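Structure, as C-alpha cells:
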Amino acid sequence: MIEITTVVVRQLINSQFPEWKDLEIVPVEKSGHDNRTYRLGSEMTVRLPSHESYASAVEKEMTWLPIFKPLLSLPIPVPIAQGKPTNEYPLPWSVNRWIEGETVTHSNIHSLNEFAEDLAGFLKELQAIDASQGIPAGIQNYHRGGNLAVYDQDTRSVIDKLSDQSDQKLLTEIWELALATTYQSAPLWLHGDVAVGNLLVQNGRLCGVIDFGTMGVGDPSSDLVMAWNFFDHESRNLFLSRMNANRDTINRARGWALWKALITYAWNEPNSEASHWGKHVIDVIIQDYRSQ
C-alpha cells in the first residue's frame, strides 16, 4: 500500500490545481480500502488509489461516470479533474464532487423494505444503460460480473478448514449450486461493489451511490450480495423480487456473498470486526438456504 497523507494531498493540489490551494483538506472518516478519500473544501473530494492494482479505476470512472450521471435518478460521483502521478504519489488520481449523506446502517434508514426498494430501483436503472461498449468483467474489476469459478479454490480451501463438518457439507452444496449455471444473457452494467460503505443515506432513504472502481459489464448477480449482507428475510425476498432475479441468478448471487464472507472470516484476525462480519454473513446464508 502507498502511504497517503494530508501533506501529500496538499502537495498534489497545490502543484497541479493551484486554483484550489486555499481550500481545506480533511481525511474522510470512512475512506475505504481500495482508495483514500479527502474532503477538498465543502464541495469536492480527492480520491487516490491505495495501490497500483486499483489505479485503472481512475480512468474508468473519468470515462463512464459522466455518461451514467444523467441516466440515474440518484447522485453518483462526478469527476471534475484527473491528477497526474508524481514522485510523492506515483499513480493517477481524481477530484470529484462531494455527495452529502451518511454511510448506510440499520439505524439510519426508515425501513429495510423501503431501502430494498430504493436500492433495487437504482440497480435497475444502472442495468438499463447501454452496455454494448462497456468494460468486460475480468482482472480489471476482480471478475465482478464474470465467472464465479475463478474463486473456486479460495472458497473450497476456507470451507475445508471450518470446524463444523455439517456446515462444510452444506456450504459446499451452496457453493456448487452457485457454480452450476453461468450467465447466458446480454451483458449488463454492474457497480461491482454494492456494499454498505458505498451507499449513502439522508432522511432515512438511499441518497447516493459511490465508488464505481470495480464497475464492468457482465452477469449482474454479483451486485445482489446485499440480500445476505444487509437485508433480513422479508426485505431480502423483496429486493430479489424487485430485481427480477430467477433461481439461477439467486444461486450465483448467494455464491458471491458466500465467497466474500468466507475469505473475510478466514483471512482476517480472529475476533476482529471483519472476521465477525464474515461469520455473521455465513450464518445468514446457511439459515436462508435451509429455509427454502
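Labels for the C-alpha cells follow display order: chains A, B, ..., residues from 1 in each chain, ligands from 1.
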I need the residues in region 184-258 of chain A that are helix (DSSP H, G or I) according to DSSP; give them as an MDAnalysis selection string.
chainID A and resid 196:198 220:224 226:229 233:242 247:258
Each residue of region 171-269 of chain A lying at most 8 Å from region 75-88 of chain A should get a row with its shortest atom-to-atom pair and the distance in Å to one decimal, counting only C-alpha atoms; could you produce that, ordered by chain and increasing number, as JSON lines?
```
{"residue": "A:Cys207", "atom": "CA", "partner": "A:Pro75", "partner_atom": "CA", "distance": 6.9}
{"residue": "A:Gly208", "atom": "CA", "partner": "A:Pro75", "partner_atom": "CA", "distance": 4.8}
{"residue": "A:Val209", "atom": "CA", "partner": "A:Ile76", "partner_atom": "CA", "distance": 5.3}
{"residue": "A:Ile210", "atom": "CA", "partner": "A:Ile76", "partner_atom": "CA", "distance": 5.7}
{"residue": "A:Asp211", "atom": "CA", "partner": "A:Pro77", "partner_atom": "CA", "distance": 7.6}
```
Considering only C-alpha atoms, state which residue in the set A:Ile139, A:Ala274, A:Leu119, A:Ile129 is at the smallest distance from Asn198 (chain A).
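Closest candidate: A:Leu119.
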Mind dumping a table of every region 114-220 of chain A residue within 10 Å of region 229-253 of chain A, with the nearest atom pair and its distance in Å to one decimal, using only C-alpha atoms, sorted by chain and rising number, as CSV?
```
residue,atom,partner,partner_atom,distance
A:Glu114,CA,A:Ser235,CA,8.3
A:Phe115,CA,A:Ser235,CA,8.4
A:Ala116,CA,A:Phe239,CA,5.0
A:Glu117,CA,A:Phe239,CA,6.4
A:Asp118,CA,A:Phe239,CA,9.1
A:Leu119,CA,A:Phe239,CA,7.9
A:Ala120,CA,A:Met243,CA,5.9
A:Gly121,CA,A:Arg242,CA,7.8
A:Leu123,CA,A:Met243,CA,8.0
A:Lys124,CA,A:Met243,CA,6.9
A:Asn147,CA,A:Arg252,CA,9.4
A:Leu148,CA,A:Arg252,CA,7.6
A:Ile174,CA,A:Asn251,CA,7.7
A:Trp175,CA,A:Asn251,CA,8.5
A:Glu176,CA,A:Asn251,CA,9.3
A:Leu177,CA,A:Asn251,CA,6.3
A:Ala178,CA,A:Arg252,CA,4.3
A:Leu179,CA,A:Arg252,CA,6.8
A:Ala180,CA,A:Asp248,CA,8.4
A:Thr181,CA,A:Asp248,CA,6.5
A:Thr182,CA,A:Arg252,CA,8.2
A:Tyr183,CA,A:Thr249,CA,8.0
A:Val194,CA,A:Asn229,CA,9.9
A:Ala195,CA,A:Asn229,CA,7.9
A:Val196,CA,A:Phe230,CA,7.8
A:Asp219,CA,A:Thr249,CA,8.7
A:Pro220,CA,A:Thr249,CA,8.3
```
Calculated over only C-alpha atoms, which of the candidates A:Ala149, A:Met62, A:Ala227, A:Val9 has the smallest distance to Arg36 (chain A)?
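Ranked by minimum distance to Arg36 (chain A), first place goes to A:Val9.
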Using only C-alpha atoms: which of A:Lys69, A:Arg156, A:Lys260, A:Arg97 has the shortest distance to Thr172 (chain A):
A:Arg156
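With only C-alpha atoms as the atoms that count, the residue of A:Ser56, A:Ser185, A:Gln127, A:Thr37 with the shortest distance to Asn141 (chain A) is A:Ser56.
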Which of these residues is nearest to Gln202 (chain A), using only C-alpha atoms: A:Thr214, A:Thr105, A:Ser275, A:Thr5?
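Once distances to Gln202 (chain A) are computed over only C-alpha atoms, the minimum belongs to A:Thr105.
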If you run DSSP on the backbone here, which positions in region 39-267 of chain A get strand (DSSP E)? Please write them as a compact mmCIF listing (two decimals) with N, CA and C atoms, in the first residue's frame.
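Saved as result_27.txt:
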```
# COMPACT_ATOMS: atom_id res chain seq x y z
N ARG A 39 -11.65 15.25 1.82
CA ARG A 39 -12.56 16.35 1.51
C ARG A 39 -11.73 17.55 1.07
N LEU A 40 -12.10 18.16 -0.03
CA LEU A 40 -11.43 19.35 -0.55
C LEU A 40 -12.43 20.49 -0.54
N MET A 44 -15.96 19.28 -2.86
CA MET A 44 -15.17 18.34 -3.65
C MET A 44 -14.48 17.30 -2.78
N THR A 45 -14.07 16.21 -3.42
CA THR A 45 -13.25 15.21 -2.76
C THR A 45 -12.05 14.89 -3.64
N VAL A 46 -10.97 14.48 -2.99
CA VAL A 46 -9.79 13.97 -3.70
C VAL A 46 -9.75 12.47 -3.45
N ARG A 47 -9.64 11.70 -4.51
CA ARG A 47 -9.72 10.24 -4.43
C ARG A 47 -8.43 9.66 -5.00
N LEU A 48 -7.71 8.88 -4.17
CA LEU A 48 -6.40 8.39 -4.54
C LEU A 48 -6.33 6.87 -4.34
N PRO A 49 -6.05 6.10 -5.38
CA PRO A 49 -5.88 4.65 -5.22
C PRO A 49 -4.78 4.34 -4.22
N PRO A 79 -16.70 13.23 -11.73
CA PRO A 79 -15.29 13.62 -11.84
C PRO A 79 -15.15 15.05 -12.35
N ILE A 80 -14.31 15.81 -11.68
CA ILE A 80 -14.05 17.19 -12.08
C ILE A 80 -12.70 17.30 -12.78
N ALA A 81 -11.71 16.58 -12.26
CA ALA A 81 -10.36 16.68 -12.82
C ALA A 81 -9.59 15.41 -12.53
N GLN A 82 -8.62 15.11 -13.39
CA GLN A 82 -7.74 13.96 -13.17
C GLN A 82 -6.33 14.44 -12.86
N GLY A 83 -5.80 13.97 -11.75
CA GLY A 83 -4.44 14.32 -11.34
C GLY A 83 -3.41 13.38 -11.93
N TRP A 93 -4.87 10.05 -10.08
CA TRP A 93 -5.85 10.29 -9.02
C TRP A 93 -6.91 11.24 -9.56
N SER A 94 -7.94 11.51 -8.78
CA SER A 94 -9.04 12.31 -9.32
C SER A 94 -9.62 13.24 -8.27
N VAL A 95 -10.29 14.27 -8.76
CA VAL A 95 -11.06 15.19 -7.93
C VAL A 95 -12.52 15.05 -8.37
N ASN A 96 -13.41 14.87 -7.40
CA ASN A 96 -14.82 14.62 -7.68
C ASN A 96 -15.71 15.53 -6.86
N ARG A 97 -16.97 15.64 -7.28
CA ARG A 97 -17.95 16.38 -6.50
C ARG A 97 -18.29 15.61 -5.22
N GLU A 102 -24.82 9.99 4.80
CA GLU A 102 -24.12 9.13 5.75
C GLU A 102 -24.06 7.71 5.21
N THR A 103 -23.01 6.99 5.57
CA THR A 103 -22.93 5.58 5.22
C THR A 103 -24.12 4.84 5.82
N LEU A 188 -24.78 -6.81 -18.77
CA LEU A 188 -25.39 -5.61 -18.20
C LEU A 188 -24.34 -4.87 -17.38
N TRP A 189 -24.57 -3.56 -17.20
CA TRP A 189 -23.69 -2.80 -16.33
C TRP A 189 -23.89 -3.24 -14.88
N LEU A 190 -22.80 -3.33 -14.14
CA LEU A 190 -22.88 -3.59 -12.72
C LEU A 190 -21.92 -2.67 -11.98
N LEU A 199 -22.95 3.07 -0.06
CA LEU A 199 -24.34 3.51 -0.16
C LEU A 199 -24.59 4.60 0.88
N LEU A 200 -25.10 5.73 0.43
CA LEU A 200 -25.30 6.89 1.30
C LEU A 200 -26.78 7.11 1.59
N VAL A 201 -27.04 7.63 2.78
CA VAL A 201 -28.41 7.81 3.25
C VAL A 201 -28.61 9.23 3.76
N GLN A 202 -29.77 9.80 3.45
CA GLN A 202 -30.24 11.05 4.04
C GLN A 202 -31.72 10.91 4.33
N ARG A 205 -33.47 7.54 3.69
CA ARG A 205 -33.59 6.95 2.35
C ARG A 205 -32.23 6.93 1.65
N LEU A 206 -32.08 6.00 0.74
CA LEU A 206 -30.89 5.96 -0.10
C LEU A 206 -30.79 7.26 -0.88
N CYS A 207 -29.63 7.93 -0.79
CA CYS A 207 -29.50 9.24 -1.42
C CYS A 207 -28.31 9.34 -2.37
N GLY A 208 -27.49 8.31 -2.44
CA GLY A 208 -26.34 8.37 -3.34
C GLY A 208 -25.57 7.06 -3.33
N VAL A 209 -24.86 6.81 -4.42
CA VAL A 209 -24.04 5.60 -4.55
C VAL A 209 -22.65 6.04 -5.01
N GLY A 216 -18.21 -2.78 -14.31
CA GLY A 216 -17.93 -3.53 -15.52
C GLY A 216 -19.25 -3.99 -16.12
N VAL A 217 -19.18 -4.79 -17.16
CA VAL A 217 -20.39 -5.35 -17.75
C VAL A 217 -20.30 -6.87 -17.74
N GLY A 218 -21.43 -7.50 -17.50
CA GLY A 218 -21.47 -8.96 -17.45
C GLY A 218 -22.69 -9.43 -16.69
```
In Å, with one decimal, what is the gap from CA of Leu262 (chain A) to CA of Met1 (chain A)?
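The value is 23.4 Å.
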All residues 8 Å or closer to Lys279 (chain A), only C-alpha atoms, same chain fewer than 2 positions away omitted, as an NGL selection string:
:A and (261-262 or 265 or 275-277 or 281-283)
Could you save the residues just selected, with C-alpha atoms, as a compact mmCIF listing (two decimals), in the first residue's frame?
```
# COMPACT_ATOMS: atom_id res chain seq x y z
CA ALA A 261 -17.96 -13.84 3.65
CA LEU A 262 -15.71 -16.90 3.82
CA TYR A 265 -13.92 -14.57 8.02
CA SER A 275 -13.94 -11.71 10.88
CA HIS A 276 -17.13 -11.37 12.95
CA TRP A 277 -18.86 -9.80 9.95
CA VAL A 281 -22.99 -13.44 6.82
CA ILE A 282 -22.08 -17.14 6.60
CA ASP A 283 -24.70 -17.85 9.26
```
Pick the closest to Phe68 (chain A) from A:Glu19, A:Glu24, A:Glu125, A:Asp154: which is it, counting only C-alpha atoms?
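Using only C-alpha atoms, Phe68 (chain A) sits closest to A:Glu125.
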